[in-house]
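Reading through the structure tokens given below for one structure.
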Amino acid sequence: MKRYGNLINGNMDNAGIEYDVISPIDGSIYAKAVKASEEKTKEAIDIAYDAREKWENIPLSGRKKIFAKMVSIFEEKLDDYARIEAENTGRTLRQSVFMDTNIALEHMRYFSTTNEFKSSRKIKHPEYPQSYGIVQNRPIGVVGAITPWNVPLLMAVWKIFPALLAGNTMVLKPSHYTPATTFELALDLKRAGLPDGVLNIVTGEGSVIGKALAKSEKVRGLSFTGSTETGRNVTRNAAGTIKKIVMELGGKSPNIVLEDADLERAAKGVLFGIFLHSGQLCESGSRLLVQSSIKEKFLRVLESYAERMKSGDPLDMNTDIGAITTAEQYDKIRNMIRRAEDDGAKVFYRKTIEGSVPKGGFYIGPTIMDNLSPGMEIASEEVFGPVLSVLEFDKISEAVEIANQSNYGLACGVWSKDTRKAIKVANMINAGTVWINDYHLISAAAPRGGFGNSGIGRELGREGIYEFTESRHFFVSDENNELVDLSFGLIVSD
Ligand code: NAD
């Protein structure tokens, strides 16, 4: 069985309370890890603080070389990572192989090769042509990162690589439920040549570690991914120390199917949008907004494809349905479904999975709920589980209105054979990402984040790197010139 201490200054530190990391596949103990205390977290922050200079002194090309080495190490171990991620989170091994680890690899490759980030650029001052400027994008120092339990490997990649590329050091706290691949990644980065202390991993209680990171004066930037409620809490804790904050929070994303959509493709896409990792993805398309004229037909197509989804052991490459990652989340989802039924919602479809999934695990069959109004809890609050809420609209303006009623604004899908029409609809939706005739696909080159209660700041893309820099301007005036004579002359006239 694997054992993870806290990774501080390149060493596994085993001081602290050991706890069981559970695999949701069958409820068994998958690994052991150690909960870091507030003091341990402060120690990790001090180490990251002291490592700033040595990391900043490695030029950008040198940092990219270490990342490139990491890419080759990771490529060799893709299968191991896929299995660990599946066992710890309960996602299907097929998803882990074809999505999580592959995307992680491509995104690491992007950050090891991108020329989008420049630490310095020369500018002209239009008002003062006799001078010029140098704009620097300096690292901000120690970045604190906090990740949720649902997509631990990708979240770690998205936080570590851009922040370190820009020259920052980091203390990262993965969720105590799913810390395994984050530790593996950090250990492999050490093997790739990352100097000790640049990246430190502490796991345990959010209320202890997250609070210590948020309140620390030495942590100059905070990158948080998790629920909106915790995001508010973290922001409050960070307020006293005036630091840069990126918040990637929850969502209740609409998937809008117009009557001129390719219904077969849209049905598969809608199922992919909601049931990938059993709906436990922040951008999951949990609200189906379907045009009334095609609703009945579309639901039948949806049902026929949902019937084909295979339940079984998530580690079997033929299985389509994974587990719910934590026992708490399992209870939360079931309670929300129960409340929705009490409120008059009808279960249009529920996949029977009993008997085919491993005993002791946390499983909920993919569920489609109808007879809803947009304000009902199940149709407006994040379930973070395999539950699709069906809403209908007559006119496109109604679809836009329902889509934008949510306080969240993370993502959206629009399905239509008329791309120009779909882009017009996309323009009217409050969301940080809109997929047109697609869903879930995330590019390292594109900024990702939310509007409204879904967050502030962006991750990935050029924007995601610059998020963790501090810009500085040098105004350079080389020689005596008219400007100098004119401006100084305001005070010291000849
Ligand atoms: P969560 O908010 O409960 O926890 C997220 C992280 O914060 C965990 O590491 C947790 O230990 C830590 N934490 C808990 N209390 C804290 C506190 N008081 N101070 C600091 N840190 C604290 O979220 P979760 O249940 O792990 O993940 C699910 C949520 O994450 C969903 O709402 C989902 O939408 C969101 N999410 C968002 C994105 C995105 O990119 N927008 C991606 C994935 C998940």
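Simple scheme: letters A, B, ... for chains in structure tokens order, numbers from 1 for residues in each chain, numbers from 1 for ligands in the order shown.
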
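For segment 444-478 of chain A, backbone-based DSSP labels the following residues as strand (DSSP E or B): A:Arg448, A:Phe451, A:Gly452, A:Gly455, A:Ile456, A:Glu459, A:Thr469, A:Glu470, A:Ser471, A:Arg472, A:His473, A:Phe474, A:Phe475, A:Val476.
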
Legend entry - Best match for closeness to ligand 1 among A:Phe224, A:Phe272, A:Phe362, A:Trp435, counting only C-alpha atoms and all ligand atoms: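 Answer, going by the shortest atom-to-atom distance: A:Phe224.
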
Legend entry - Distance criterion (only C-alpha atoms): nearest to Gly461 of chain A out of A:Glu116, A:Asp343, A:Asp494, A:Glu43: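 Once distances to Gly461 of chain A are computed over only C-alpha atoms, the minimum belongs to A:Glu116.
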
Inset, instruction - Identify, on the basis of only C-alpha atoms, every residue whose closest approach to Ile8 of chain A does not exceed 10 Å; exclude the query and any residue fewer than 5 positions from it along the same chain; express the result as number ranges by chain. - result: A: 13, 40-41, 43-45, 47-48, 171, 196-202

Using the selection just defined, write its residues with N, CA and C atoms as a compact mmCIF listing (two decimals), in the first residue's frame.
```txt
# COMPACT_ATOMS: atom_id res chain seq x y z
N ASP A 13 7.76 14.12 4.61
CA ASP A 13 7.74 14.37 6.04
C ASP A 13 6.55 13.62 6.63
N LYS A 40 3.04 22.73 10.25
CA LYS A 40 3.68 22.09 9.08
C LYS A 40 3.45 22.95 7.84
N THR A 41 2.24 23.47 7.74
CA THR A 41 1.92 24.30 6.57
C THR A 41 2.80 25.54 6.57
N GLU A 43 5.67 25.80 7.90
CA GLU A 43 7.05 25.37 7.57
C GLU A 43 7.19 25.26 6.04
N ALA A 44 6.18 24.67 5.40
CA ALA A 44 6.22 24.53 3.93
C ALA A 44 6.23 25.90 3.26
N ILE A 45 5.47 26.84 3.81
CA ILE A 45 5.45 28.20 3.25
C ILE A 45 6.84 28.84 3.38
N ILE A 47 9.70 27.35 3.52
CA ILE A 47 10.61 26.69 2.58
C ILE A 47 10.41 27.26 1.17
N ALA A 48 9.14 27.38 0.78
CA ALA A 48 8.84 27.93 -0.56
C ALA A 48 9.33 29.38 -0.66
N VAL A 171 3.14 26.22 -2.58
CA VAL A 171 2.69 25.21 -1.61
C VAL A 171 1.30 24.80 -2.08
N ASP A 196 14.62 21.31 -4.87
CA ASP A 196 13.84 21.11 -3.64
C ASP A 196 13.32 22.44 -3.12
N GLY A 197 12.14 22.41 -2.60
CA GLY A 197 11.57 23.61 -1.97
C GLY A 197 10.73 24.46 -2.92
N VAL A 198 10.91 24.24 -4.23
CA VAL A 198 10.16 25.06 -5.19
C VAL A 198 8.68 24.66 -5.17
N LEU A 199 8.44 23.36 -5.02
CA LEU A 199 7.08 22.86 -4.96
C LEU A 199 6.92 22.01 -3.71
N ASN A 200 6.02 22.39 -2.85
CA ASN A 200 5.79 21.65 -1.60
C ASN A 200 4.32 21.24 -1.56
N ILE A 201 4.08 20.00 -1.10
CA ILE A 201 2.69 19.51 -1.09
C ILE A 201 2.31 19.18 0.36
N VAL A 202 1.23 19.79 0.81
CA VAL A 202 0.72 19.46 2.15
C VAL A 202 -0.75 19.08 2.01
```

Legend entry - Residue nearest Gln405 of chain A - candidates A:Ala379, A:Val357, A:Leu483, A:Leu281, atoms counted: only C-alpha atoms: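 Nearest to Gln405 of chain A: A:Ala379.
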
Legend entry - Arg448 of chain A environment, 9 Å, only C-alpha atoms, sequence neighbours closer than 6 positions dropped, as an MDAnalysis selection string: chainID A and resid 248 410 432:433 442 457:461 463:464

Just write the chosen residues, C-alpha atoms, as a CSV table (one decimal), in the first residue's frame.
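Output saved as out-v1.csv:
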```
chain,number,residue,atom,x,y,z
A,248,GLU,CA,-12.3,28.5,-10.0
A,410,LEU,CA,-18.9,28.6,-15.8
A,432,GLY,CA,-16.5,31.6,-19.3
A,433,THR,CA,-16.5,28.7,-21.8
A,442,ILE,CA,-10.2,21.9,-22.5
A,457,GLY,CA,-9.4,35.1,-12.7
A,458,ARG,CA,-8.4,32.5,-15.3
A,459,GLU,CA,-6.5,29.3,-15.5
A,460,LEU,CA,-4.6,28.0,-18.5
A,461,GLY,CA,-3.7,29.9,-21.7
A,463,GLU,CA,-4.0,34.6,-19.2
A,464,GLY,CA,-3.4,31.8,-16.7
```

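Distances from A:Ser131, A:Ser292, A:Thr147, A:Thr352 to ligand 1 were compared using only C-alpha atoms and all ligand atoms, and the smallest one belongs to A:Thr147.
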
Inset, instruction - Taking the chain letters and numbering used in this document, name the residues of segment 117-279 of chain A that DSSP puts in helix (DSSP H, G or I), as a ChimeraX atom specification. - result: /A:152-165,180-191,206-215,228-241,263-279

Inset, instruction - Go through A:Arg138, A:Lys118, A:Arg339, A:Lys2 one by one, measure the shortest atom-to-atom distance of each to Ala33 of chain A using only C-alpha atoms, and give the residue with the smallest value. - result: A:Lys2

Inset, instruction - Compare A:Glu377, A:Asp20, A:Glu259, A:Asp80 by their minimum atom-to-atom distance to Glu392 of chain A, counting only C-alpha atoms, and give me the closest one. - result: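 Smallest separation from Glu392 of chain A among the options: A:Glu259.
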
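Atom CA of Ile429 of chain A sits 23.7 Å away from atom CA of Pro386 of chain A.
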